[in-house]
Amino acid sequence: MLLGECQFLALSLSMWVEPTPAPMPNLEILTVNNTWMLVATFLVFIMHLGFACLEAGLTRAKNTVNILFKNTGIIAIGLLTFALCGFNMMYPGEAWRISGVLGFSGMGIGLPLNYDQIAYANGAYTYWTDFLFQAMFAATAATIVSGAVAERVKLGSFLLFSLIYVALVYPITGSWHWGGGWLKAEGFYDFAGSTLVHSVGGWAALVGVWMLGPRMGKYANGKVKPIMGHNMPLATIGAFLLWLGWFGFNGGSVLSADPNAVSFVFVTTTLAAASGIIGAMAVSWIWQRKPDLSMVLNGSLAGLVGITAGADTVSVVAAVAIGFIAGVLVVFSVVFLDFLKMDDPVGAISVHLVCGIWGTLAVGLFSTNPQHTFWTQLLGVAAIGGFCLLTSGTLFFCIKKVLGLRVSESEELEGLDLGEHGMEAYTGFQFFTTQ
Amino acid sequence: MLLGECQFLALSLSMWVEPTPAPMPNLEILTVNNTWMLVATFLVFIMHLGFACLEAGLTRAKNTVNILFKNTGIIAIGLLTFALCGFNMMYPGEAWRISGVLGFSGMGIGLPLNYDQIAYANGAYTYWTDFLFQAMFAATAATIVSGAVAERVKLGSFLLFSLIYVALVYPITGSWHWGGGWLKAEGFYDFAGSTLVHSVGGWAALVGVWMLGPRMGKYANGKVKPIMGHNMPLATIGAFLLWLGWFGFNGGSVLSADPNAVSFVFVTTTLAAASGIIGAMAVSWIWQRKPDLSMVLNGSLAGLVGITAGADTVSVVAAVAIGFIAGVLVVFSVVFLDFLKMDDPVGAISVHLVCGIWGTLAVGLFSTNPQHTFWTQLLGVAAIGGFCLLTSGTLFFCIKKVLGLRVSESEELEGLDLGEHGMEAYTGFQFFTTQ
Amino acid sequence: MLLGECQFLALSLSMWVEPTPAPMPNLEILTVNNTWMLVATFLVFIMHLGFACLEAGLTRAKNTVNILFKNTGIIAIGLLTFALCGFNMMYPGEAWRISGVLGFSGMGIGLPLNYDQIAYANGAYTYWTDFLFQAMFAATAATIVSGAVAERVKLGSFLLFSLIYVALVYPITGSWHWGGGWLKAEGFYDFAGSTLVHSVGGWAALVGVWMLGPRMGKYANGKVKPIMGHNMPLATIGAFLLWLGWFGFNGGSVLSADPNAVSFVFVTTTLAAASGIIGAMAVSWIWQRKPDLSMVLNGSLAGLVGITAGADTVSVVAAVAIGFIAGVLVVFSVVFLDFLKMDDPVGAISVHLVCGIWGTLAVGLFSTNPQHTFWTQLLGVAAIGGFCLLTSGTLFFCIKKVLGLRVSESEELEGLDLGEHGMEAYTGFQFFTTQ
């Protein structure tokens, strides 16, 4: 999603309407592109509310304030951090410190001197739009972790982890592909972030879950005791808002309002989400014998994560297949993680990591562009996975040593809302005390 | 809403700005149109969350998971079915099998060979946008039924009904007008679907309610026992999201970003919703002596359904009147249906069928276009009503015979969440057992 | 935000892309502008759902239906009233009755004869868009009052107040600046309404709170007894939807899709909200020792209100500073108002009045335009504050004498939902009776 990556609109539009000669990029197209990118930006913004609702809905009432607080804090931290340093690490332009691996073009944001000319030449959008769209993406990576470590992680420790992860790790791996770094040179392709966003969050979620251990009582006497979410309408609102936001997440990753490209991405994205629902519904209904709402919601997200890497480069039929397989995968992954006693309260690892990997590899299998190969895709998955495991492991380890990662047993029993915030999410409502 | 129906933008824009000669449709306008239609598409998408929230909020907590599951399933089924066959039945182009009555241009979706040239000539938008916008519409028809049959319908039976209704019935009636069929030739007018979407869902809702019978305990000893919704904030979120989505539902039905047309439709749509609220508020406050929130919410939707058929063709004052009358109608209709012991938990028949008919006829009364006559409008209402009654009746009857329509008494008492899904919507909360 | 105030797009675009000569405003730009303004319109619309959710979530369950009803009613009343007379008072054009102070160009809305030519010359958008965008703004002013007087105000009295306030007071103060009146002539600047919208609501909130007195039991024996909100996920949904809507509130106040201006406003708006969160989080965590979710949510809104007056005219760093200070201010203000026994259940006065004043004065401190001075900004704050105090005081006083403002003690104890509406928000749920 580097500026330099944009197809020239002149070119893409001339493919779309053949009778006329390709026009030069112009002010009108600039304005439309920019308007669309701003729409995409506010759509990605609303994903943060989606994450907050989904995560709160799928966990227990006694930890709800904590979850909402974390998610509100993360977007603030993510946006400001990305303005301070992340953006200039992810898109270093010429300012590589280690060629293709680590770049940084300075602190803060500000209109580059020659930006207007470049933007005009590309028929693109403004610098500020570029920054804000990317900043909205950045914060999502940390939010993914939030769901996996919910109901037991210390608030301050988690916010500190998020700050560093968004400030350093996400921009570095991002620079490898979207910033024009070494993975781009290798031919790796990730359209809108199955790997660069979702897996980056997912790997950290995996490490976090492993370091924290399961919630009390989840795996007692060799059995898995399901801990049900407390508010399924809230979880449903969350999943639908995430789907809504994905129109901007994928649709905006076209980086222009190119009619053919954006429309096509809308169709692949939507149908993958729909077939993700069907995939998860089928497995859940047939295999688990009860049609499970949380599986179906995660199925839609699985389809969306799955299609994100190749939304612009696979056929409609392939998109349906990718989404369906993602929906099937997510159910098995949730069960398998429980078998491993990896306690992920909202299924974040299954949705974002497992389906993120699947979607990235699927580009190698289904892409209509012969330059995308399975092995290059695997290389990208492995390289970014390795880096994320290393960095998130180190980070979580250091924070655990210095501040501690997990709340006390009594606080976990009482709930983090009272323990960390001194307030309840549902004052006045009566609850069963066993929850 | 057939492509061929689009006004030439050149024409409509030349009306808007007279000093200059009408320009040829061009790439810039194409891009703006397409961008607006994609915005309208995601707005219609969010109506599905609106329906889910409204329906769940206005029913009982013990059936909430079931409702959310149904609504998540319907959109997936609707989108995929419409891609597989619905789109090509609704817009058969030249491929009529029975002229003007039944057409089908083949399975699946794919860019027609000469699409670009046609789109360019019309100054319209891409094939993929066309498909997706229409697909989002299709699923709404089935969702309307969902609310009316809530709290007692079997999950599998309902999903099967929805699948067939969206796959066959909705596209056939749609083809009669928007697909360029016989009702279009007769001069029938339905701008955005008071009849083609809302009544089509409403008629099936009527049949479903009649076949299923009322919920247990609703009409005991000749009295109506109100069964209150369990979550009014959720219902309110639903109504507002539906209103939000209607900006795309009606605004997108202009089928271009034509500044005059879209803006005007926004104004008529919004003021009709507002006056629907006032109408329902007045009747509820004065006649029922208590200002009833669910009536006011349904009043806004009544106004919206009412204005949908003529949003582009009535004056602002007429829009206010249409909305107000719809808001009044909806309250009386809810009471009247209870008098008939037709148990519609969310008022779907009153909102979508009654106000859908009203809005369609109102075009004949208020349209500024003299070609729209009351009798033609009535013909359309009757023809589509008859077809929907016949088909939905047959469908529900067959499904009842084969699979059964209604859950067991014990399941209905216990709630469909435990019965069909083995889970609760609000784990941990304490409830009164009488609900 | 008067039409005449629009920068010529020709000019602003020529600043943005220097190589080409400034083009004439044209049909394409008209269409993009109009599309963007319609998007902004539906974003501001969704703020009304945001207000409803935030207010309901931060108050008690027993008053929830009442709050949702008020907020649904206000938008209907506001839109219709603004169509009937508000719009033509706020933007009187040449029809000043008292020069620069009071204007009115007639009842109702309708396309002015020469509108197209003017719009074309300005490269702007349609009359209907102009009306609807402004109408959405108008209703927000009354909604702000709603939160402050919640849980004790009589429904009818409040709706009557809102009707008159939106019909007369908001348009008159609006005409002084955006309508081209005397404050504009004085050089006062309020980009999107820190004063003209938020403070106008905030002053009335202050008067309403003072006239009504605190809720029963809030200040007992010289102590402040916190009355906790009953649904924090709902409050969080509200705050995020308000933030979402603000992209339209501020972004639409550019009154065009000018790429530079809208993008920049998006960035200042977003970063101010983020730093408002950090400001409120810091004070709440350090000073109150518990990170308080409601403070953090109000911190985001504080940042947004704060940046609203100068979003287009301060630097990015200044925006972050303005937001941070607003976030700090809001916490102290909430505590200070409690010290004064001014009972504002949702913090509306602190968010909208205190941060509205702060944001307006901040333009005088931080604006990059030397024509904006602190003293002119203070003049605007004082003039509008004085007028709002006078008018809202008179209005509340008259309504109190004629209809009464406050519900009976028994109704307040029982809750307004049963008292005013005869229904509950959460039928079936068990509550503690002490709430």
# chains A, B, ... in the order shown; residues from 1 in each chain; ligands from 1
$ select_by_dssp --residues "stretch 217-275 of chain B" --states "strand (DSSP E)" --output "list in words"
Tyr219, Ala220, Lys223 and Val224 of chain B
$ write_last_selection --atoms "C-alpha atoms" --output "short mmCIF file (atom, residue, chain, number, x, y, z; two decimals), in the first residue's frame"
data_model
loop_
_atom_site.label_atom_id
_atom_site.label_comp_id
_atom_site.auth_asym_id
_atom_site.auth_seq_id
_atom_site.Cartn_x
_atom_site.Cartn_y
_atom_site.Cartn_z
CA TYR B 219 -54.08 -14.38 23.28
CA ALA B 220 -55.47 -15.99 26.40
CA LYS B 223 -57.49 -10.95 25.82
CA VAL B 224 -54.28 -9.71 24.27
#
$ residues_around --residues "C:Ala311" --least-positions-apart "2" --cutoff "8 Å" --atoms "only C-alpha atoms" --output "ChimeraX atom specification"
/C:191-192,250,265,268-269,307-309,313-314,319
$ write_last_selection --atoms "all heavy atoms" --output "short mmCIF file (atom, residue, chain, number, x, y, z; two decimals), in the first residue's frame"
data_model
loop_
_atom_site.label_atom_id
_atom_site.label_comp_id
_atom_site.auth_asym_id
_atom_site.auth_seq_id
_atom_site.Cartn_x
_atom_site.Cartn_y
_atom_site.Cartn_z
N PHE C 191 -15.18 27.03 13.37
CA PHE C 191 -15.20 26.22 12.17
C PHE C 191 -16.45 25.35 12.06
O PHE C 191 -17.21 25.45 11.11
CB PHE C 191 -13.94 25.35 12.11
CG PHE C 191 -13.94 24.33 11.02
CD1 PHE C 191 -14.02 24.72 9.68
CD2 PHE C 191 -13.87 22.97 11.30
CE1 PHE C 191 -14.02 23.76 8.67
CE2 PHE C 191 -13.88 22.03 10.29
CZ PHE C 191 -13.96 22.42 8.98
N ALA C 192 -16.65 24.47 13.05
CA ALA C 192 -17.76 23.52 12.93
C ALA C 192 -18.68 23.53 14.14
O ALA C 192 -19.57 22.69 14.23
CB ALA C 192 -17.22 22.11 12.70
N ASN C 250 -17.15 17.56 11.44
CA ASN C 250 -16.03 18.44 11.10
C ASN C 250 -15.65 18.33 9.63
O ASN C 250 -15.44 19.34 8.96
CB ASN C 250 -14.82 18.10 11.97
CG ASN C 250 -14.95 18.65 13.38
OD1 ASN C 250 -16.00 19.19 13.74
ND2 ASN C 250 -13.92 18.52 14.20
N VAL C 265 -8.56 18.14 8.18
CA VAL C 265 -9.56 18.20 9.25
C VAL C 265 -9.77 16.80 9.86
O VAL C 265 -9.93 16.66 11.07
CB VAL C 265 -10.88 18.79 8.72
CG1 VAL C 265 -12.03 18.50 9.66
CG2 VAL C 265 -10.73 20.29 8.49
N THR C 268 -6.67 16.34 12.26
CA THR C 268 -6.74 17.11 13.51
C THR C 268 -7.86 16.58 14.40
O THR C 268 -7.69 16.44 15.61
CB THR C 268 -6.96 18.61 13.24
OG1 THR C 268 -8.09 18.78 12.39
CG2 THR C 268 -5.74 19.24 12.59
N THR C 269 -8.98 16.26 13.80
CA THR C 269 -10.13 15.77 14.58
C THR C 269 -9.78 14.46 15.27
O THR C 269 -10.03 14.27 16.47
CB THR C 269 -11.34 15.58 13.63
OG1 THR C 269 -11.66 16.85 13.05
CG2 THR C 269 -12.54 15.05 14.38
N ILE C 307 -11.62 20.47 19.47
CA ILE C 307 -10.98 20.73 18.17
C ILE C 307 -11.97 21.29 17.16
O ILE C 307 -11.57 21.78 16.09
CB ILE C 307 -10.31 19.44 17.62
CG1 ILE C 307 -9.31 19.79 16.50
CG2 ILE C 307 -11.33 18.46 17.09
CD1 ILE C 307 -8.18 20.67 16.94
N THR C 308 -13.25 21.22 17.46
CA THR C 308 -14.27 21.54 16.47
C THR C 308 -14.20 22.99 15.98
O THR C 308 -14.44 23.26 14.79
CB THR C 308 -15.66 21.20 17.06
OG1 THR C 308 -15.73 19.77 17.19
CG2 THR C 308 -16.79 21.67 16.18
N ALA C 309 -13.86 23.91 16.85
CA ALA C 309 -13.82 25.32 16.43
C ALA C 309 -12.65 25.62 15.49
O ALA C 309 -12.74 26.52 14.66
CB ALA C 309 -13.75 26.24 17.65
N THR C 313 -7.72 25.10 11.13
CA THR C 313 -6.87 26.29 11.20
C THR C 313 -5.78 26.21 12.26
O THR C 313 -5.08 27.18 12.50
CB THR C 313 -7.77 27.54 11.42
OG1 THR C 313 -7.00 28.70 11.20
CG2 THR C 313 -8.34 27.59 12.82
N VAL C 314 -5.63 25.03 12.89
CA VAL C 314 -4.52 24.85 13.83
C VAL C 314 -3.61 23.75 13.30
O VAL C 314 -4.02 22.94 12.47
CB VAL C 314 -5.01 24.48 15.25
CG1 VAL C 314 -5.90 25.58 15.82
CG2 VAL C 314 -5.72 23.14 15.26
N ALA C 319 -3.45 20.60 17.56
CA ALA C 319 -4.66 19.78 17.71
C ALA C 319 -4.48 18.77 18.82
O ALA C 319 -5.39 18.55 19.64
CB ALA C 319 -4.98 19.07 16.39
#
$ atom_distance --atom1 "atom CA of B:Ala124" --atom2 "atom CA of C:Glu28"
13.7 Å
$ interface_residues --of "chain B" --to "chain A" --cutoff "8 Å" --atoms "only C-alpha atoms" --output "number ranges by chain"
B: 27-28, 30-32, 34-35, 38, 42, 45-46, 49, 53, 56, 64-65, 68-69, 72-73, 75-77, 79-80, 116-117, 120, 125-126, 128-129, 132, 234, 420-423, 425-430
$ residues_around --residues "A:Gly222" --least-positions-apart "2" --cutoff "12 Å" --atoms "only C-alpha atoms" --output "list of chain:residue names"
A:Gly217, A:Lys218, A:Tyr219, A:Ala220, A:Val224, A:Lys225, A:Asp338, A:Phe339, A:Leu340, A:Lys341
$ select_by_dssp --residues "stretch 132-230 of chain A" --states "alpha helix (DSSP H)" --output "ChimeraX atom specification"
/A:132-148,155-164,170-177,182-186,200-212
$ write_last_selection --atoms "N, CA and C atoms" --output "compact mmCIF listing (two decimals), in the first residue's frame"
# COMPACT_ATOMS: atom_id res chain seq x y z
N LEU A 132 -3.62 8.92 7.81
CA LEU A 132 -4.71 8.54 8.69
C LEU A 132 -5.24 7.15 8.37
N PHE A 133 -5.31 6.84 7.08
CA PHE A 133 -5.77 5.50 6.70
C PHE A 133 -4.83 4.44 7.28
N GLN A 134 -3.54 4.68 7.17
CA GLN A 134 -2.56 3.72 7.70
C GLN A 134 -2.59 3.68 9.22
N ALA A 135 -2.83 4.82 9.84
CA ALA A 135 -2.85 4.87 11.30
C ALA A 135 -4.02 4.04 11.85
N MET A 136 -5.14 4.10 11.15
CA MET A 136 -6.30 3.31 11.59
C MET A 136 -5.97 1.81 11.51
N PHE A 137 -5.23 1.42 10.48
CA PHE A 137 -4.80 0.03 10.35
C PHE A 137 -3.91 -0.38 11.53
N ALA A 138 -2.96 0.50 11.84
CA ALA A 138 -1.94 0.14 12.82
C ALA A 138 -2.57 -0.29 14.15
N ALA A 139 -3.55 0.49 14.59
CA ALA A 139 -4.13 0.20 15.90
C ALA A 139 -4.86 -1.13 15.94
N THR A 140 -5.32 -1.60 14.76
CA THR A 140 -6.06 -2.87 14.77
C THR A 140 -5.18 -4.05 15.18
N ALA A 141 -3.91 -3.99 14.82
CA ALA A 141 -3.03 -5.11 15.14
C ALA A 141 -3.00 -5.37 16.65
N ALA A 142 -2.87 -4.29 17.42
CA ALA A 142 -2.82 -4.46 18.88
C ALA A 142 -4.17 -4.90 19.43
N THR A 143 -5.24 -4.42 18.80
CA THR A 143 -6.57 -4.77 19.28
C THR A 143 -6.82 -6.27 19.18
N ILE A 144 -6.26 -6.88 18.16
CA ILE A 144 -6.43 -8.32 17.99
C ILE A 144 -5.89 -9.07 19.20
N VAL A 145 -4.74 -8.62 19.70
CA VAL A 145 -4.15 -9.25 20.88
C VAL A 145 -5.09 -9.15 22.08
N SER A 146 -5.72 -8.02 22.18
CA SER A 146 -6.57 -7.72 23.33
C SER A 146 -7.58 -8.83 23.62
N GLY A 147 -8.24 -9.31 22.57
CA GLY A 147 -9.25 -10.34 22.77
C GLY A 147 -8.69 -11.63 23.33
N ALA A 148 -7.50 -11.99 22.86
CA ALA A 148 -6.93 -13.27 23.25
C ALA A 148 -6.49 -13.29 24.71
N LEU A 155 -4.05 -4.38 33.09
CA LEU A 155 -4.35 -3.28 32.20
C LEU A 155 -3.09 -2.53 31.75
N GLY A 156 -2.30 -2.09 32.72
CA GLY A 156 -1.11 -1.30 32.40
C GLY A 156 -0.12 -2.08 31.55
N SER A 157 0.08 -3.34 31.90
CA SER A 157 1.01 -4.17 31.15
C SER A 157 0.56 -4.34 29.70
N PHE A 158 -0.73 -4.54 29.55
CA PHE A 158 -1.24 -4.72 28.19
C PHE A 158 -1.10 -3.44 27.37
N LEU A 159 -1.43 -2.30 27.98
CA LEU A 159 -1.34 -1.04 27.23
C LEU A 159 0.11 -0.75 26.85
N LEU A 160 1.04 -1.07 27.76
CA LEU A 160 2.45 -0.87 27.45
C LEU A 160 2.89 -1.76 26.29
N PHE A 161 2.47 -3.03 26.34
CA PHE A 161 2.77 -3.94 25.22
C PHE A 161 2.24 -3.38 23.91
N SER A 162 0.99 -2.95 23.92
CA SER A 162 0.37 -2.43 22.70
C SER A 162 1.14 -1.25 22.16
N LEU A 163 1.50 -0.36 23.05
CA LEU A 163 2.21 0.85 22.63
C LEU A 163 3.48 0.47 21.87
N ILE A 164 4.27 -0.42 22.45
CA ILE A 164 5.55 -0.77 21.80
C ILE A 164 5.31 -1.58 20.53
N TYR A 170 4.81 -3.60 14.36
CA TYR A 170 3.90 -3.48 13.22
C TYR A 170 4.52 -2.66 12.08
N PRO A 171 5.11 -1.50 12.37
CA PRO A 171 5.71 -0.72 11.26
C PRO A 171 6.89 -1.42 10.59
N ILE A 172 7.68 -2.17 11.37
CA ILE A 172 8.85 -2.80 10.75
C ILE A 172 8.40 -3.90 9.78
N THR A 173 7.54 -4.80 10.24
CA THR A 173 7.08 -5.84 9.31
C THR A 173 6.30 -5.22 8.16
N GLY A 174 5.55 -4.17 8.47
CA GLY A 174 4.83 -3.48 7.40
C GLY A 174 5.76 -2.92 6.35
N SER A 175 6.90 -2.39 6.80
CA SER A 175 7.85 -1.78 5.85
C SER A 175 8.44 -2.82 4.90
N TRP A 176 8.49 -4.06 5.35
CA TRP A 176 9.07 -5.10 4.50
C TRP A 176 8.29 -5.31 3.22
N HIS A 177 6.97 -5.09 3.28
CA HIS A 177 6.16 -5.29 2.08
C HIS A 177 5.56 -3.97 1.59
N TRP A 182 12.22 -5.67 1.71
CA TRP A 182 12.77 -6.88 1.09
C TRP A 182 11.70 -7.90 0.69
N LEU A 183 10.60 -8.00 1.44
CA LEU A 183 9.57 -8.97 1.06
C LEU A 183 8.87 -8.57 -0.23
N LYS A 184 8.75 -7.30 -0.42
CA LYS A 184 8.20 -6.82 -1.69
C LYS A 184 9.12 -7.22 -2.84
N ALA A 185 10.41 -7.03 -2.60
CA ALA A 185 11.38 -7.40 -3.63
C ALA A 185 11.33 -8.90 -3.93
N GLU A 186 11.02 -9.69 -2.91
CA GLU A 186 10.92 -11.15 -3.10
C GLU A 186 9.67 -11.56 -3.87
N VAL A 200 0.12 -10.44 12.22
CA VAL A 200 0.99 -9.71 13.14
C VAL A 200 0.32 -9.60 14.51
N GLY A 201 -0.96 -9.29 14.51
CA GLY A 201 -1.69 -9.32 15.77
C GLY A 201 -1.84 -10.74 16.30
N GLY A 202 -2.08 -11.68 15.40
CA GLY A 202 -2.35 -13.05 15.81
C GLY A 202 -1.16 -13.74 16.47
N TRP A 203 0.04 -13.49 15.95
CA TRP A 203 1.23 -14.10 16.57
C TRP A 203 1.41 -13.60 17.99
N ALA A 204 1.23 -12.31 18.18
CA ALA A 204 1.36 -11.76 19.52
C ALA A 204 0.27 -12.32 20.43
N ALA A 205 -0.92 -12.53 19.87
CA ALA A 205 -2.00 -13.14 20.64
C ALA A 205 -1.60 -14.53 21.11
N LEU A 206 -0.97 -15.28 20.19
CA LEU A 206 -0.53 -16.64 20.51
C LEU A 206 0.47 -16.63 21.66
N VAL A 207 1.45 -15.75 21.55
CA VAL A 207 2.46 -15.66 22.60
C VAL A 207 1.84 -15.21 23.91
N GLY A 208 0.95 -14.22 23.83
CA GLY A 208 0.31 -13.71 25.04
C GLY A 208 -0.49 -14.79 25.75
N VAL A 209 -1.25 -15.54 24.99
CA VAL A 209 -2.07 -16.61 25.58
C VAL A 209 -1.19 -17.66 26.24
N TRP A 210 -0.09 -17.98 25.58
CA TRP A 210 0.81 -19.00 26.11
C TRP A 210 1.49 -18.50 27.39
N MET A 211 1.93 -17.25 27.41
CA MET A 211 2.62 -16.71 28.58
C MET A 211 1.69 -16.52 29.77
N LEU A 212 0.46 -16.13 29.46
CA LEU A 212 -0.49 -15.84 30.54
C LEU A 212 -1.06 -17.11 31.14
$ atom_distance --atom1 "atom CA of A:Ile67" --atom2 "atom CA of A:Glu151"
8.0 Å
